[in-house]
file coords11.json (JSON, C-alpha atoms)
[["chain", "number", "residue", "atom", "x", "y", "z"],
["J", 169, "MET", "CA", 109.49, 50.57, 82.05],
["J", 170, "ASN", "CA", 106.26, 48.98, 81.04],
["J", 171, "TRP", "CA", 103.73, 51.74, 80.36],
["J", 172, "PHE", "CA", 100.86, 49.34, 79.97],
["J", 173, "ARG", "CA", 101.16, 48.60, 83.66],
["J", 174, "TYR", "CA", 99.55, 52.02, 84.25],
["J", 175, "ALA", "CA", 96.57, 51.14, 82.08],
["J", 176, "SER", "CA", 95.17, 49.44, 85.17],
["J", 177, "PRO", "CA", 93.27, 51.64, 87.65],
["J", 178, "VAL", "CA", 95.02, 49.81, 90.52],
["J", 179, "GLU", "CA", 98.41, 51.00, 89.27],
["J", 180, "PHE", "CA", 97.30, 54.38, 87.98],
["J", 181, "TYR", "CA", 95.47, 55.50, 91.13],
["J", 182, "PRO", "CA", 98.59, 55.97, 93.31],
["J", 183, "LEU", "CA", 100.65, 57.32, 90.37],
["J", 184, "ALA", "CA", 98.06, 60.04, 89.69],
["J", 185, "GLY", "CA", 97.92, 60.79, 93.39],
["J", 186, "ARG", "CA", 101.66, 61.40, 93.51],
["J", 187, "MET", "CA", 101.53, 63.72, 90.48],
["J", 188, "ILE", "CA", 98.61, 65.93, 91.58],
["J", 189, "PRO", "CA", 100.56, 68.16, 94.04],
["J", 190, "TRP", "CA", 103.25, 68.87, 91.44],
["J", 191, "PHE", "CA", 100.74, 69.91, 88.81],
["J", 192, "ALA", "CA", 98.89, 72.02, 91.38],
["J", 193, "ILE", "CA", 102.09, 73.80, 92.44],
["J", 194, "ALA", "CA", 103.07, 74.35, 88.81],
["J", 195, "ALA", "CA", 99.60, 75.78, 88.10],
["J", 196, "VAL", "CA", 99.71, 78.22, 91.03],
["J", 197, "LEU", "CA", 103.26, 79.39, 90.32],
["J", 198, "THR", "CA", 102.78, 79.89, 86.59],
["J", 199, "THR", "CA", 99.43, 81.66, 87.17],
["J", 200, "ALA", "CA", 101.09, 84.09, 89.59],
["J", 201, "PHE", "CA", 103.92, 84.64, 87.15],
["J", 202, "GLY", "CA", 101.61, 85.01, 84.16],
["J", 203, "LEU", "CA", 99.33, 87.51, 85.93],
["J", 204, "TYR", "CA", 102.29, 89.57, 87.14],
["J", 205, "TRP", "CA", 103.67, 89.62, 83.61],
["J", 206, "GLY", "CA", 100.30, 90.36, 82.08],
["J", 207, "PHE", "CA", 99.46, 93.25, 84.38],
["J", 208, "PHE", "CA", 102.81, 94.84, 85.17],
["J", 209, "GLN", "CA", 105.24, 94.01, 82.38],
["J", 210, "THR", "CA", 103.03, 94.85, 79.45],
["J", 211, "PRO", "CA", 103.50, 98.06, 77.48],
["J", 212, "ASP", "CA", 101.87, 101.32, 78.46],
["J", 213, "ILE", "CA", 101.15, 102.34, 74.88],
["J", 214, "LEU", "CA", 98.22, 99.95, 74.76],
["J", 215, "SER", "CA", 97.11, 100.46, 78.32],
["J", 216, "GLN", "CA", 96.13, 104.07, 77.71],
["J", 217, "GLN", "CA", 93.29, 103.26, 75.34],
["J", 218, "LYS", "CA", 92.61, 99.57, 75.08],
["J", 219, "GLU", "CA", 93.13, 98.12, 78.53],
["J", 220, "TYR", "CA", 90.46, 95.53, 77.87],
["J", 221, "TYR", "CA", 92.93, 93.52, 75.83],
["J", 222, "ARG", "CA", 94.07, 92.01, 79.16],
["J", 223, "ILE", "CA", 91.00, 89.78, 79.06],
["J", 224, "ILE", "CA", 92.95, 87.63, 76.58],
["J", 225, "PHE", "CA", 95.09, 86.37, 79.48],
["J", 226, "VAL", "CA", 92.15, 84.25, 80.61],
["J", 227, "HIS", "CA", 90.05, 84.17, 77.45],
["J", 228, "VAL", "CA", 92.60, 82.71, 75.03],
["J", 229, "PRO", "CA", 93.98, 80.02, 77.41],
["J", 230, "ALA", "CA", 90.42, 78.94, 78.29],
["J", 231, "ALA", "CA", 89.41, 78.78, 74.63],
["J", 232, "TRP", "CA", 92.47, 76.75, 73.69],
["J", 233, "MET", "CA", 92.04, 74.37, 76.59],
["J", 234, "SER", "CA", 88.37, 73.89, 75.67],
["J", 235, "MET", "CA", 89.43, 72.62, 72.23],
["J", 236, "TRP", "CA", 92.55, 70.73, 73.36],
["J", 237, "LEU", "CA", 90.70, 68.92, 76.16],
["J", 238, "TYR", "CA", 88.05, 67.83, 73.68],
["J", 239, "LEU", "CA", 90.77, 66.23, 71.53],
["J", 240, "VAL", "CA", 92.14, 64.54, 74.67],
["J", 241, "LEU", "CA", 88.64, 63.31, 75.55],
["J", 242, "VAL", "CA", 88.14, 61.82, 72.07],
["J", 243, "GLY", "CA", 91.65, 60.31, 72.19],
["J", 244, "TRP", "CA", 90.83, 58.41, 75.40],
["J", 245, "ALA", "CA", 87.39, 57.43, 74.09],
["J", 246, "VAL", "CA", 88.94, 55.96, 70.91],
["J", 247, "LEU", "CA", 91.61, 54.11, 72.93],
["J", 248, "GLY", "CA", 88.86, 52.72, 75.12],
["J", 249, "LEU", "CA", 86.85, 51.51, 72.14],
["J", 250, "ILE", "CA", 89.90, 49.88, 70.53],
["J", 251, "TYR", "CA", 91.65, 48.33, 73.51],
["J", 252, "ASN", "CA", 88.62, 47.95, 75.74],
["J", 253, "THR", "CA", 90.43, 49.36, 78.77],
["J", 254, "ARG", "CA", 88.48, 50.59, 81.77],
["J", 255, "LEU", "CA", 90.92, 53.38, 82.57],
["J", 256, "SER", "CA", 90.65, 54.97, 79.09],
["J", 257, "PHE", "CA", 86.92, 55.52, 79.50],
["J", 258, "MET", "CA", 87.43, 56.80, 83.02],
["J", 259, "MET", "CA", 89.97, 59.32, 81.70],
["J", 260, "ALA", "CA", 87.55, 60.45, 78.98],
["J", 261, "ALA", "CA", 84.82, 60.92, 81.57],
["J", 262, "ALA", "CA", 87.22, 62.81, 83.86],
["J", 263, "VAL", "CA", 88.26, 65.24, 81.12],
["J", 264, "ALA", "CA", 84.72, 66.28, 80.10],
["J", 265, "PRO", "CA", 83.65, 68.52, 83.03],
["J", 266, "THR", "CA", 86.92, 70.48, 82.95],
["J", 267, "GLY", "CA", 86.59, 70.87, 79.18],
["J", 268, "ALA", "CA", 83.04, 72.11, 79.61],
["J", 269, "LEU", "CA", 84.19, 74.51, 82.34],
["J", 270, "PHE", "CA", 86.83, 76.04, 80.08],
["J", 271, "THR", "CA", 84.32, 76.31, 77.23],
["J", 272, "GLY", "CA", 82.03, 78.19, 79.63],
["J", 273, "ILE", "CA", 84.86, 80.47, 80.76],
["J", 274, "ALA", "CA", 85.85, 81.14, 77.15],
["J", 275, "LEU", "CA", 82.25, 82.08, 76.31],
["J", 276, "LEU", "CA", 81.71, 84.26, 79.41],
["J", 277, "THR", "CA", 84.98, 86.16, 79.07],
["J", 278, "GLY", "CA", 84.31, 86.37, 75.32],
["J", 279, "VAL", "CA", 81.00, 88.08, 76.02],
["J", 280, "LEU", "CA", 82.78, 90.63, 78.25],
["J", 281, "TRP", "CA", 85.46, 91.10, 75.62],
["J", 282, "GLY", "CA", 82.83, 91.52, 72.90],
["J", 283, "LYS", "CA", 81.06, 94.27, 74.78],
["J", 284, "THR", "CA", 84.26, 96.28, 75.12],
["J", 285, "SER", "CA", 85.80, 95.75, 71.71],
["J", 286, "TRP", "CA", 82.85, 95.23, 69.38],
["J", 287, "GLY", "CA", 80.20, 97.04, 71.38],
["J", 288, "THR", "CA", 77.96, 94.00, 71.62],
["J", 289, "TRP", "CA", 77.68, 91.18, 74.18],
["J", 290, "TRP", "CA", 76.95, 88.53, 71.61],
["J", 291, "ASP", "CA", 76.84, 88.05, 67.88],
["J", 292, "TRP", "CA", 76.29, 84.92, 65.84],
["J", 293, "ASP", "CA", 79.81, 85.11, 64.52],
["J", 294, "PRO", "CA", 81.00, 81.71, 63.25],
["J", 295, "ARG", "CA", 83.55, 81.26, 66.02],
["J", 296, "LEU", "CA", 81.18, 82.23, 68.84],
["J", 297, "THR", "CA", 78.52, 79.97, 67.45],
["J", 298, "SER", "CA", 80.82, 76.97, 67.03],
["J", 299, "GLU", "CA", 82.26, 77.45, 70.54],
["J", 300, "LEU", "CA", 78.70, 77.47, 71.89],
["J", 301, "ILE", "CA", 78.02, 74.24, 69.99],
["J", 302, "LEU", "CA", 81.13, 72.74, 71.62],
["J", 303, "PHE", "CA", 79.67, 73.61, 75.02],
["J", 304, "PHE", "CA", 76.47, 71.73, 74.14],
["J", 305, "ILE", "CA", 78.50, 68.74, 72.91],
["J", 306, "TYR", "CA", 80.34, 68.58, 76.22],
["J", 307, "ALA", "CA", 77.02, 68.87, 78.04],
["J", 308, "GLY", "CA", 75.53, 66.15, 75.83],
["J", 309, "TYR", "CA", 78.46, 63.83, 76.51],
["J", 310, "MET", "CA", 78.11, 64.29, 80.27],
["J", 311, "ALA", "CA", 74.34, 63.93, 80.17],
["J", 312, "LEU", "CA", 74.53, 60.70, 78.17],
["J", 313, "GLN", "CA", 77.24, 59.34, 80.48],
["J", 314, "SER", "CA", 75.06, 59.89, 83.55],
["J", 315, "ALA", "CA", 71.77, 58.89, 81.91],
["J", 316, "ILE", "CA", 72.81, 55.28, 81.27],
["J", 317, "GLU", "CA", 72.98, 53.27, 84.46],
["J", 318, "ASP", "CA", 75.30, 50.53, 83.18],
["J", 319, "SER", "CA", 78.77, 52.09, 82.96],
["J", 320, "TYR", "CA", 79.88, 49.62, 80.25],
["J", 321, "ARG", "CA", 77.15, 50.85, 77.91],
["J", 322, "ALA", "CA", 77.37, 54.47, 79.07],
["J", 323, "ASP", "CA", 81.10, 54.56, 78.24],
["J", 324, "ARG", "CA", 80.63, 53.21, 74.74],
["J", 325, "ALA", "CA", 77.59, 55.28, 73.84],
["J", 326, "SER", "CA", 79.17, 58.52, 75.05],
["J", 327, "ALA", "CA", 82.47, 57.63, 73.32],
["J", 328, "LEU", "CA", 80.58, 57.43, 70.03],
["J", 329, "LEU", "CA", 78.90, 60.77, 70.74],
["J", 330, "ALA", "CA", 82.32, 62.30, 71.47],
["J", 331, "ILE", "CA", 83.68, 61.05, 68.12],
["J", 332, "VAL", "CA", 80.69, 62.46, 66.25],
["J", 333, "GLY", "CA", 81.15, 65.79, 68.03],
["J", 334, "LEU", "CA", 84.73, 66.00, 66.79],
["J", 335, "PHE", "CA", 83.55, 67.97, 63.75],
["J", 336, "CYS", "CA", 83.26, 70.99, 66.01],
["J", 337, "ILE", "CA", 87.00, 71.42, 66.64],
["J", 338, "PRO", "CA", 88.16, 72.18, 63.05],
["J", 339, "LEU", "CA", 85.02, 74.29, 62.73],
["J", 340, "ILE", "CA", 86.08, 76.49, 65.65],
["J", 341, "TYR", "CA", 89.69, 76.56, 64.51],
["J", 342, "TRP", "CA", 89.01, 77.60, 60.93],
["J", 343, "SER", "CA", 85.86, 79.59, 61.54],
["J", 344, "ILE", "CA", 87.80, 82.86, 61.47],
["J", 345, "ASN", "CA", 88.75, 82.35, 57.83],
["J", 346, "CYS", "CA", 85.56, 83.91, 56.63],
["J", 347, "PRO", "CA", 85.60, 83.89, 52.81],
["J", 348, "ASP", "CA", 83.18, 86.77, 52.43],
["J", 349, "PRO", "CA", 82.79, 89.32, 55.25],
["J", 350, "THR", "CA", 79.39, 90.40, 53.98],
["J", 351, "GLN", "CA", 78.08, 86.84, 54.19],
["J", 352, "CYS", "CA", 79.38, 85.97, 57.62],
["J", 353, "ALA", "CA", 80.43, 88.53, 60.15],
["J", 354, "ALA", "CA", 83.73, 87.16, 61.35],
["J", 355, "LEU", "CA", 84.51, 89.17, 64.45],
["J", 356, "HIS", "CA", 87.65, 87.20, 65.16],
["J", 357, "ALA", "CA", 90.33, 88.12, 62.68],
["J", 358, "ARG", "CA", 93.52, 86.14, 62.39],
["J", 359, "SER", "CA", 96.35, 88.22, 63.75],
["J", 360, "SER", "CA", 99.92, 87.29, 63.01],
["J", 361, "MET", "CA", 101.94, 86.38, 66.07],
["J", 362, "SER", "CA", 104.71, 88.79, 65.10],
["J", 363, "ALA", "CA", 102.30, 91.74, 65.18],
["J", 364, "ILE", "CA", 101.65, 91.23, 68.90],
["J", 365, "GLU", "CA", 103.94, 92.73, 71.52],
["J", 366, "THR", "CA", 106.34, 90.07, 72.86],
["J", 367, "ASN", "CA", 105.45, 90.74, 76.50],
["J", 368, "ILE", "CA", 101.76, 90.22, 75.83],
["J", 369, "LEU", "CA", 102.42, 86.99, 73.95],
["J", 370, "ALA", "CA", 104.74, 85.72, 76.68],
["J", 371, "ALA", "CA", 102.19, 86.44, 79.41],
["J", 372, "MET", "CA", 99.48, 84.74, 77.36],
["J", 373, "TRP", "CA", 101.58, 81.62, 76.74],
["J", 374, "THR", "CA", 102.42, 81.48, 80.44],
["J", 375, "MET", "CA", 98.71, 81.50, 81.24],
["J", 376, "VAL", "CA", 98.08, 78.78, 78.66],
["J", 377, "PHE", "CA", 100.70, 76.66, 80.40],
["J", 378, "ALA", "CA", 99.16, 77.48, 83.81],
["J", 379, "PHE", "CA", 95.68, 76.39, 82.67],
["J", 380, "TRP", "CA", 97.18, 73.24, 81.22],
["J", 381, "MET", "CA", 98.82, 72.36, 84.55],
["J", 382, "TYR", "CA", 95.56, 73.14, 86.34],
["J", 383, "SER", "CA", 93.76, 70.76, 83.96],
["J", 384, "PHE", "CA", 96.20, 67.96, 84.73],
["J", 385, "ALA", "CA", 95.69, 68.45, 88.47],
["J", 386, "VAL", "CA", 91.88, 68.55, 88.51],
["J", 387, "ILE", "CA", 91.48, 65.79, 85.91],
["J", 388, "PHE", "CA", 93.71, 63.48, 87.94],
["J", 389, "VAL", "CA", 91.71, 64.27, 91.08],
["J", 390, "ARG", "CA", 88.50, 63.52, 89.18],
["J", 391, "VAL", "CA", 89.77, 60.31, 87.61],
["J", 392, "ARG", "CA", 90.74, 59.10, 91.10],
["J", 393, "ASN", "CA", 87.21, 59.91, 92.25],
["J", 394, "ILE", "CA", 85.78, 57.98, 89.32],
["J", 395, "ILE", "CA", 88.07, 55.01, 90.03],
["J", 396, "LEU", "CA", 86.97, 54.92, 93.69],
["J", 397, "GLU", "CA", 83.34, 55.25, 92.72],
["J", 398, "ARG", "CA", 83.39, 52.50, 90.12],
["J", 399, "GLU", "CA", 85.64, 50.08, 91.97],
["J", 400, "ARG", "CA", 84.34, 50.74, 95.48],
["J", 401, "ASN", "CA", 83.38, 47.10, 95.96],
["J", 402, "SER", "CA", 86.76, 45.71, 94.93],
["J", 403, "THR", "CA", 89.18, 44.38, 97.50],
["J", 404, "TRP", "CA", 92.04, 46.65, 96.40],
["J", 405, "VAL", "CA", 90.00, 49.80, 97.08],
["J", 406, "SER", "CA", 88.82, 48.43, 100.40],
["J", 407, "ARG", "CA", 92.39, 47.59, 101.41],
["J", 408, "LEU", "CA", 93.71, 50.95, 100.20],
["J", 409, "ILE", "CA", 91.16, 53.10, 101.97],
["J", 410, "GLY", "CA", 91.16, 50.94, 105.07],
["J", 411, "GLY", "CA", 94.89, 51.25, 105.48],
["J", 412, "ASP", "CA", 96.04, 54.60, 104.28],
["J", 413, "PRO", "CA", 93.46, 56.97, 102.79],
["J", 414, "SER", "CA", 95.98, 59.01, 100.79],
["M", 205, "MET", "CA", 97.86, 105.19, 91.58],
["M", 206, "ILE", "CA", 96.10, 102.13, 92.93],
["M", 207, "ALA", "CA", 92.68, 103.42, 91.88],
["M", 208, "GLU", "CA", 94.10, 104.05, 88.43],
["M", 209, "PHE", "CA", 95.33, 100.49, 88.26],
["M", 210, "PHE", "CA", 91.94, 99.06, 89.22],
["M", 211, "SER", "CA", 90.02, 101.32, 86.87],
["M", 212, "MET", "CA", 92.02, 99.89, 83.93],
["M", 213, "GLY", "CA", 91.40, 102.89, 81.75],
["M", 214, "GLY", "CA", 87.66, 102.65, 82.33],
["M", 215, "PHE", "CA", 87.49, 98.93, 81.47],
["M", 216, "GLY", "CA", 87.93, 97.76, 85.06],
["M", 217, "PHE", "CA", 84.47, 96.23, 85.29],
["M", 218, "TYR", "CA", 84.98, 94.01, 82.23],
["M", 219, "ILE", "CA", 88.51, 93.01, 83.07],
["M", 220, "TRP", "CA", 87.95, 92.22, 86.75],
["M", 221, "THR", "CA", 84.69, 90.42, 86.02],
["M", 222, "SER", "CA", 86.53, 88.24, 83.49],
["M", 223, "PHE", "CA", 89.33, 87.36, 85.89],
["M", 224, "GLY", "CA", 86.96, 87.04, 88.85],
["M", 225, "LEU", "CA", 84.56, 84.69, 87.05],
["M", 226, "THR", "CA", 87.43, 82.54, 85.80],
["M", 227, "PHE", "CA", 88.92, 82.28, 89.28],
["M", 228, "LEU", "CA", 85.57, 81.56, 90.97],
["M", 229, "LEU", "CA", 84.61, 78.85, 88.47],
["M", 230, "MET", "CA", 87.98, 77.13, 88.85],
["M", 231, "LEU", "CA", 87.76, 77.38, 92.63],
["M", 232, "ALA", "CA", 84.24, 75.92, 92.53],
["M", 233, "GLU", "CA", 85.54, 72.96, 90.51],
["M", 234, "VAL", "CA", 88.32, 72.31, 93.02],
["M", 235, "LEU", "CA", 85.96, 72.54, 96.02],
["M", 236, "TYR", "CA", 83.38, 70.32, 94.33],
["M", 237, "LEU", "CA", 86.02, 67.66, 93.59],
["M", 238, "ARG", "CA", 87.20, 67.74, 97.21],
["M", 239, "GLN", "CA", 83.64, 67.27, 98.43],
["M", 240, "GLN", "CA", 83.14, 64.42, 95.97],
["M", 241, "ARG", "CA", 86.31, 62.70, 97.20],
["M", 242, "ARG", "CA", 85.21, 62.97, 100.85],
["M", 243, "THR", "CA", 81.80, 61.49, 100.05],
["M", 244, "ASN", "CA", 83.49, 58.65, 98.17],
["M", 245, "LEU", "CA", 85.88, 57.86, 101.00],
["M", 246, "LYS", "CA", 83.08, 57.82, 103.58],
["M", 247, "ARG", "CA", 81.04, 55.50, 101.41],
["M", 248, "ILE", "CA", 83.95, 53.09, 100.97],
["M", 249, "GLN", "CA", 84.60, 53.07, 104.72],
["M", 250, "ARG", "CA", 80.95, 52.16, 105.25],
["M", 251, "ILE", "CA", 81.12, 49.33, 102.72],
["M", 252, "ARG", "CA", 84.29, 48.11, 104.41],
["M", 253, "LYS", "CA", 82.72, 48.12, 107.88],
["M", 254, "MET", "CA", 79.65, 46.34, 106.54],
["M", 255, "ASN", "CA", 81.81, 43.61, 104.96],
["M", 256, "ALA", "CA", 83.89, 43.28, 108.13],
["M", 257, "GLY", "CA", 80.67, 42.91, 110.15],
["M", 258, "SER", "CA", 79.33, 40.12, 107.96],
["M", 259, "ASP", "CA", 82.61, 38.18, 108.18],
["M", 260, "SER", "CA", 82.57, 37.75, 111.96]]
call {"tool": "encode", "arguments": {"input": "coords11.json", "output": "structure tokens"}}
result
Amino acid sequence: MNWFRYASPVEFYPLAGRMIPWFAIAAVLTTAFGLYWGFFQTPDILSQQKEYYRIIFVHVPAAWMSMWLYLVLVGWAVLGLIYNTRLSFMMAAAVAPTGALFTGIALLTGVLWGKTSWGTWWDWDPRLTSELILFFIYAGYMALQSAIEDSYRADRASALLAIVGLFCIPLIYWSINCPDPTQCAALHARSSMSAIETNILAAMWTMVFAFWMYSFAVIFVRVRNIILERERNSTWVSRLIGGDPS
Amino acid sequence: MIAEFFSMGGFGFYIWTSFGLTFLLMLAEVLYLRQQRRTNLKRIQRIRKMNAGSDS
């Protein structure tokens, strides 16, 4: 099988279309399963005092996806710059809004979590601050993409911005290793996986998988939209939509 | 029993707001994408009709 065949929007468009329903079904099923697990199969010991921990079932998956999707975005941007392929830049552009959405969800649920566990909505803790910076980088990428009329130049300029913004990911990841607690108030402490109840971990991982499947589905829908928008004057799009609009 | 479940040990507001916001934002993304796709398809149909008109 020649994978490079799918580097062309003409070939990738129907392939993505066939995959979307499967990712959507997987997302719905794993979400239902993860929520059931997270709310009904978790221990009662915790639920008596610290029920708010259940926020992690949306907070942690959203935060991880916000970082992972940024790496995916940069990956496509770099591929686009190296191989000069149209589809790579379209993929990068399709990933950005979903990445920004998950960054927003991570921040919003983090604020609610903060109020319950630390007693404050917001603090300039290194991880909160760097996650907020990531949100602005996503926003900057999208703004630059839409500000430049010519998509050839917009793709390349925003790809460079995405690469520069890469510094943020290790910053978020390692920001909880605060060397001196009196210098920087690290509210996130690293907890060892073995210290967490297995049922909680399993529910959380299920939700991570669910959000990942959701990301595949919406990003493929968006990349198909971008393909149609950019290639609307081509004969293949005209023939495709004229015949069978699926 | 049910009220106890929804109160979540007094943290109900925070927990349900978190899950609610997450769900609403994801739903908004899905609906927006669907709208975007419809607009795109209509536009392409128009371009197609226009081209077909100029051919004859």
call {"tool": "closest_residue", "arguments": {"input": "coords11.json", "among": "J:Trp244, J:Phe191, J:Phe172, J:Phe303", "to": "Ile331 of chain J", "atoms": "all atoms listed in the file"}}
result
J:Trp244
call {"tool": "interface_residues", "arguments": {"input": "coords11.json", "of": "chain M", "to": "chain J", "cutoff": "7 Å", "atoms": "only C-alpha atoms", "output": "short mmCIF file (atom, residue, chain, number, x, y, z; two decimals) with C-alpha atoms, in the frame of the given file"}}
result
data_model
loop_
_atom_site.label_atom_id
_atom_site.label_comp_id
_atom_site.auth_asym_id
_atom_site.auth_seq_id
_atom_site.Cartn_x
_atom_site.Cartn_y
_atom_site.Cartn_z
CA MET M 212 92.02 99.89 83.93
CA GLY M 213 91.40 102.89 81.75
CA PHE M 215 87.49 98.93 81.47
CA TYR M 218 84.98 94.01 82.23
CA ILE M 219 88.51 93.01 83.07
CA SER M 222 86.53 88.24 83.49
CA PHE M 223 89.33 87.36 85.89
CA THR M 226 87.43 82.54 85.80
CA VAL M 234 88.32 72.31 93.02
CA LEU M 237 86.02 67.66 93.59
CA ARG M 241 86.31 62.70 97.20
CA ASN M 244 83.49 58.65 98.17
CA ILE M 248 83.95 53.09 100.97
CA GLN M 249 84.60 53.07 104.72
CA ARG M 252 84.29 48.11 104.41
#
call {"tool": "atom_distance", "arguments": {"input": "coords11.json", "atom1": "atom CA of Ala207 of chain M", "atom2": "atom CA of Trp286 of chain J"}}
result
25.9 Å
call {"tool": "residues_around", "arguments": {"input": "coords11.json", "residues": "Ala175 of chain J", "least_positions_apart": "4", "cutoff": "9 Å", "atoms": "all atoms listed in the file", "output": "number ranges by chain"}}
result
J: 171, 179-180, 253-256
call {"tool": "atom_distance", "arguments": {"input": "coords11.json", "atom1": "atom CA of Ile344 of chain J", "atom2": "atom CA of Leu239 of chain J"}}
result
19.7 Å
call {"tool": "atom_distance", "arguments": {"input": "coords11.json", "atom1": "atom CA of Gly216 of chain M", "atom2": "atom CA of Tyr204 of chain J"}}
result
16.7 Å
call {"tool": "closest_residue", "arguments": {"input": "coords11.json", "among": "J:Arg186, J:Arg324, J:Arg398, J:Arg173", "to": "Phe257 of chain J", "atoms": "only C-alpha atoms"}}
result
J:Arg324
call {"tool": "residues_around", "arguments": {"input": "coords11.json", "residues": "segment 192-200 of chain J", "least_positions_apart": "3", "cutoff": "6 Å", "atoms": "all atoms listed in the file", "output": "number ranges by chain"}}
result
J: 189, 203, 375, 378, 381-382, 385
call {"tool": "axis_aligned_box", "arguments": {"input": "coords11.json", "around": "segment 234-252 of chain M", "padding_each_side": "5 Å", "output": "lines of an AutoDock Vina configuration file"}}
result
center_x = 84.6
center_y = 60.3
center_z = 99.1
size_x = 17.4
size_y = 34.4
size_z = 22.2
call {"tool": "closest_residue", "arguments": {"input": "coords11.json", "among": "J:Leu329, J:Ala315, J:Ile368, J:Leu296", "to": "Ala231 of chain J", "atoms": "only C-alpha atoms"}}
result
J:Leu296
call {"tool": "residues_around", "arguments": {"input": "coords11.json", "residues": "Ile301 of chain J", "least_positions_apart": "3", "cutoff": "12 Å", "atoms": "only C-alpha atoms", "output": "ChimeraX atom specification"}}
result
/J:234-235,268,271-272,275,292,294-298,304-308,333-337,339-340
call {"tool": "build_atoms", "arguments": {"input": "coords11.json", "residues": "segment 278-294 of chain J", "atoms": "N, CA and C atoms", "output": "short mmCIF file (atom, residue, chain, number, x, y, z; two decimals), in the coordinates of the input"}}
result
data_model
loop_
_atom_site.label_atom_id
_atom_site.label_comp_id
_atom_site.auth_asym_id
_atom_site.auth_seq_id
_atom_site.Cartn_x
_atom_site.Cartn_y
_atom_site.Cartn_z
N GLY J 278 84.48 85.90 76.70
CA GLY J 278 84.31 86.37 75.32
C GLY J 278 83.19 87.39 75.23
N VAL J 279 82.13 87.15 76.00
CA VAL J 279 81.00 88.08 76.02
C VAL J 279 81.47 89.44 76.58
N LEU J 280 82.27 89.39 77.65
CA LEU J 280 82.78 90.63 78.25
C LEU J 280 83.75 91.35 77.30
N TRP J 281 84.53 90.56 76.61
CA TRP J 281 85.46 91.10 75.62
C TRP J 281 84.67 91.74 74.47
N GLY J 282 83.64 91.04 74.02
CA GLY J 282 82.83 91.52 72.90
C GLY J 282 82.21 92.87 73.19
N LYS J 283 81.70 93.01 74.41
CA LYS J 283 81.06 94.27 74.78
C LYS J 283 82.05 95.44 74.71
N THR J 284 83.29 95.19 75.12
CA THR J 284 84.26 96.28 75.12
C THR J 284 84.83 96.56 73.74
N SER J 285 85.10 95.49 72.98
CA SER J 285 85.80 95.75 71.71
C SER J 285 84.87 95.85 70.52
N TRP J 286 83.75 95.14 70.53
CA TRP J 286 82.85 95.23 69.38
C TRP J 286 81.58 96.00 69.70
N GLY J 287 81.39 96.30 70.98
CA GLY J 287 80.20 97.04 71.38
C GLY J 287 78.95 96.19 71.51
N THR J 288 79.12 94.86 71.44
CA THR J 288 77.96 94.00 71.62
C THR J 288 78.34 92.80 72.46
N TRP J 289 77.40 92.33 73.31
CA TRP J 289 77.68 91.18 74.18
C TRP J 289 77.84 89.91 73.35
N TRP J 290 76.98 89.78 72.36
CA TRP J 290 76.95 88.53 71.61
C TRP J 290 76.60 88.78 70.16
N ASP J 291 77.19 87.98 69.28
CA ASP J 291 76.84 88.05 67.88
C ASP J 291 76.98 86.63 67.36
N TRP J 292 76.19 86.29 66.36
CA TRP J 292 76.29 84.92 65.84
C TRP J 292 77.45 84.82 64.85
N ASP J 293 78.58 85.24 65.29
CA ASP J 293 79.81 85.11 64.52
C ASP J 293 80.17 83.63 64.47
N PRO J 294 80.77 83.16 63.37
CA PRO J 294 81.00 81.71 63.25
C PRO J 294 81.77 81.10 64.43
#
